[in-house]
Amino acid sequence: MNKKTIIALILAIILSLQPSFSRAQSNPLPTGALMRTSTAGAIYYLDKNNMRHVFPDEKVFKSWYKDFLSVIIVSEDKIKDYPLQNNIRYRPGTRLIKIQSDPKVYAIETPNFLRWIKNEDIARALYGADWAKLVDDLPDSLFFDYIMGNEISQPIHPTGTIVKYAGDTNLYLIEGGKKRLISANAITENNINSDFAINLPAGSIIYANGNSLNTKETQYSDPVIYQSTTATTSQTTTIQNQTSQTQTTTPQTSTPSQVFGALPKVNVTTLLNDNVTIYENGIEFVELMDIKIENISSTDVTLSSIKLDVVGYAKNTSISNPAFTVSSTGANYSGSYEGDEWITFSLGLKILAGKTSTIILKGKLLDSSASLQLKIPTAAYFIISEPIDLAASFPLNSRLLTVQSKPTIAPQFNLTNTTLIKGTYNYIGLINFANCLGGKTTFNNLIASVEEYDVSLAVQILKIGDRLLSNSNNQFIYGSSFTSCEFPLYVILNNNLTATGASPRINIKVTSVMGLFNDGKTTIFSALPTSQDLNITP
């Protein structure tokens with residue numbers, strides 16, 4: 001054997017000993033990734049061996065995850081890189097299950113044992129009077145994904161159950177008949193959903209204390225790694241069906257069908273995009289943003305929450321009482337601030353298949369001299385619980401508002417007639433309260449006086465708007481409140497007026513008026529007006 005042949009043989013042997021790499025390993029997704037394609041409904045979990053496991057339906061998925069936000073969309077070719085393995089089972093401790101062909105109700109115990117609850121008294125003791133609401137129907141085809149364990153004949157929760165006692169804010173994991181205090185870190189690390197915690201009356205079922213759960217423990221956090229098909233010594237090792245006949249333990253994998261339905265199509269647009277100048281106002285709601293949500297699919301979707309960024313000079317002190325109103329129902333949702341800039345709305349708004357919903361964002365604007373705009377920066381801040389095909393042009397912006405201080409009121413006479421004739425109503429023109437923000441300012445107790453030149457006892461009555469104001473010690477008092485910005489002015493002369501000079505005339509002067517904006521702040525007047533001379537024809 002020559003030297004080249006020997007070298008080639010050695011290389012072949014070395015290469016044969018190297019681990020093989022799949023196409024998935026060339027660009028792998030991380031262990032624990034949730035994935036689906038854009039065209040199929042099934043969602044898969046990727047285990048540490050680059051194998052994918054299917055969630056058979058949405059109920060199983062929701063027992064492990066609160067929402068679909070972490071689901072990755074991959075191509076049809078990419079998903080084939082990961083070989084298909086077993087179904088994922090319900091997370092132990094979250095739901096009770098039964099099959100339609102058998103009335104028995106089972107609890108699920110870690111890792112994947114079914115434990116028949118022997119009677120209703122035990123069910124009530126363990127899960128409360130409404131225990132039946134925890135029961136899900138399991139398709140017969142999935143029943144044998146589980147291992148039959150011992151029956152529950154006394155009120156001790158199966159391992160994996162999360163409980164919470166009345167008057168105690170802590171969560172506890174039941175394990176082997178003991179309770180383990182769950183730390184805040186462990187809740188996060190093990191992806192524990194407190195919504196599945198069983199609420200117990202204080203002292204109802206007393207468990208000895210076990211070691212605290214402080215970190216991630218894979219038997220409680222991983223949907224796959226402990227989905228064993230081999231029973232432990234503490235469980236019955238024979239799988240039996242309803243007729244007690246021994247069954248095989250071969251895992252059954254359902255076809256990844258459209259268990260989540262076709263990917264819903266949702267269009268989102270904003271209806272307000274104008275630039276508006278408004279005045280500061282702590283009383284009235286101002287319309288900031290209208291969001292139109294079109295669900296053009298055959299599946300209902302739920303808008304869980306929206307998070308908005310406050311852009312520009314304005315911060316959270318610029319808006320009070322931010323609220324979304326659903327235009328079709330009038331339902332209101334209040335927002336809450338996160339630090340300086342973010343407003344978060346928890347909605348839970350269901351948008352039915354084929355329907356459109358418009359939500360209107362309103363708030364009370366407080367700060368002046370501010371440029372204010374809100375925006376939803378990316379799709380990550382517009383959260384719909386289900387996987388969707390979202391069509392929207394992010395960022396979604398509110399209208400741009402320039403918020404100004406309330407103006408100074410400038411009352412003035414705008415007269416069209418300066419000649420008065422005895423024996424008739426003399427229409428003079430208008431008293432105008434310029435900049436008064438019509439309807440937003442309330443005036444009280446307008447008082448006018450008259451100065452006479454080359455005439456005496458000239459004015460009998462002033463009429464302002466629909467009110468006749470008689471002369472009382474040379475004061476004409478409009479005693480009611482009004483919100484209009486202008487009034488017609490009339491003058492009625494005395495028939496027996498006396499001219500005392502060659503040029504009889506009068507001036508009318510507003511000597512006092514009070515004003516309040518509708519937020520309770522006092523109006524500031526630039527000056528109170530005096531008319532030009534009104535000439536009198538005797």
# chains A, B, ... in the order shown; residues from 1 in each chain; ligands from 1
>>> residues_around(residues="region 180-194 of chain A", least_positions_apart="4", cutoff="6 Å", atoms="only C-alpha atoms", output="list in words")
Leu171, Tyr172, Leu173, Gly210, Asn211, Ser212, Leu213, Asn214, Thr215, Lys216 and Ser221 of chain A
>>> residues_around(residues="Asp290 (chain A)", least_positions_apart="5", cutoff="12 Å", atoms="only C-alpha atoms", output="list in words")
Val268, Thr269, Thr270, Leu271, Leu272, Asn273, Asp274, Ala323, Phe324, Thr325, Val326, Ser327, Ser357, Thr358, Ile359, Ile360, Leu361, Lys362, Leu374, Lys375, Leu396, Asn397, Ser398 and Arg399 of chain A
>>> closest_residue(among="A:Asn432, A:Thr419, A:Thr110, A:Asn295", to="Leu489 (chain A)", atoms="only C-alpha atoms")
A:Asn432
>>> residues_around(residues="Gly354 (chain A)", least_positions_apart="3", cutoff="10 Å", atoms="only C-alpha atoms", output="PDB file with C-alpha atoms, in the first residue's frame")
ATOM      1  CA  LYS A 265     -55.685  38.900   8.130  1.00  0.00           C
ATOM      2  CA  VAL A 266     -55.957  42.195  10.003  1.00  0.00           C
ATOM      3  CA  GLU A 294     -60.365  45.496   9.961  1.00  0.00           C
ATOM      4  CA  ASN A 295     -60.537  41.762  10.616  1.00  0.00           C
ATOM      5  CA  ILE A 296     -60.979  40.442   7.095  1.00  0.00           C
ATOM      6  CA  SER A 297     -60.584  36.803   8.081  1.00  0.00           C
ATOM      7  CA  SER A 298     -63.061  34.150   9.196  1.00  0.00           C
ATOM      8  CA  THR A 299     -61.521  33.963  12.676  1.00  0.00           C
ATOM      9  CA  ASP A 300     -62.175  36.240  15.669  1.00  0.00           C
ATOM     10  CA  ILE A 351     -62.925  41.894  16.899  1.00  0.00           C
TER      11      ILE A 351
END
>>> closest_residue(among="A:Leu349, A:Ile99, A:Ile306, A:Ala107", to="Pro377 (chain A)", atoms="only C-alpha atoms")
A:Ile306
>>> select_by_dssp(residues="region 68-135 of chain A", states="strand (DSSP E)", output="PyMOL selection string")
chain A and resi 71-74+84-87+96-99+102-109+113-116+135
>>> select_by_dssp(residues="region 32-190 of chain A", states="helix (DSSP H, G or I)", output="PyMOL selection string")
chain A and resi 58-64+76-79+120-127+131-134+140-145+184-189
>>> decode(residues="region 401-415 of chain A", atoms="N, CA and C atoms", output="short mmCIF file (atom, residue, chain, number, x, y, z; two decimals), in the first residue's frame")
data_model
loop_
_atom_site.label_atom_id
_atom_site.label_comp_id
_atom_site.auth_asym_id
_atom_site.auth_seq_id
_atom_site.Cartn_x
_atom_site.Cartn_y
_atom_site.Cartn_z
N LEU A 401 -50.58 67.89 17.37
CA LEU A 401 -51.29 68.98 18.03
C LEU A 401 -50.29 69.98 18.60
N THR A 402 -50.56 71.24 18.32
CA THR A 402 -49.82 72.31 18.97
C THR A 402 -50.72 72.89 20.04
N VAL A 403 -50.27 72.82 21.28
CA VAL A 403 -51.09 73.22 22.41
C VAL A 403 -50.67 74.61 22.86
N GLN A 404 -51.58 75.55 22.83
CA GLN A 404 -51.28 76.93 23.16
C GLN A 404 -51.95 77.33 24.48
N SER A 405 -51.39 78.36 25.09
CA SER A 405 -52.05 78.94 26.25
C SER A 405 -53.35 79.59 25.81
N LYS A 406 -54.28 79.70 26.74
CA LYS A 406 -55.55 80.35 26.41
C LYS A 406 -55.30 81.83 26.12
N PRO A 407 -56.00 82.35 25.13
CA PRO A 407 -55.72 83.73 24.71
C PRO A 407 -56.30 84.76 25.67
N THR A 408 -55.73 85.95 25.58
CA THR A 408 -56.30 87.10 26.29
C THR A 408 -57.51 87.59 25.51
N ILE A 409 -58.59 87.83 26.23
CA ILE A 409 -59.84 88.29 25.59
C ILE A 409 -59.71 89.79 25.27
N ALA A 410 -60.15 90.15 24.08
CA ALA A 410 -60.05 91.56 23.65
C ALA A 410 -61.44 92.05 23.23
N PRO A 411 -62.27 92.51 24.19
CA PRO A 411 -63.60 93.02 23.82
C PRO A 411 -63.47 94.31 23.00
N GLN A 412 -64.39 94.47 22.05
CA GLN A 412 -64.36 95.68 21.22
C GLN A 412 -65.74 95.93 20.64
N PHE A 413 -65.98 97.19 20.30
CA PHE A 413 -67.19 97.55 19.59
C PHE A 413 -66.91 97.51 18.09
N ASN A 414 -67.76 96.81 17.36
CA ASN A 414 -67.70 96.82 15.91
C ASN A 414 -69.00 97.47 15.43
N LEU A 415 -68.97 98.79 15.28
CA LEU A 415 -70.20 99.55 15.03
C LEU A 415 -70.39 99.81 13.54
#
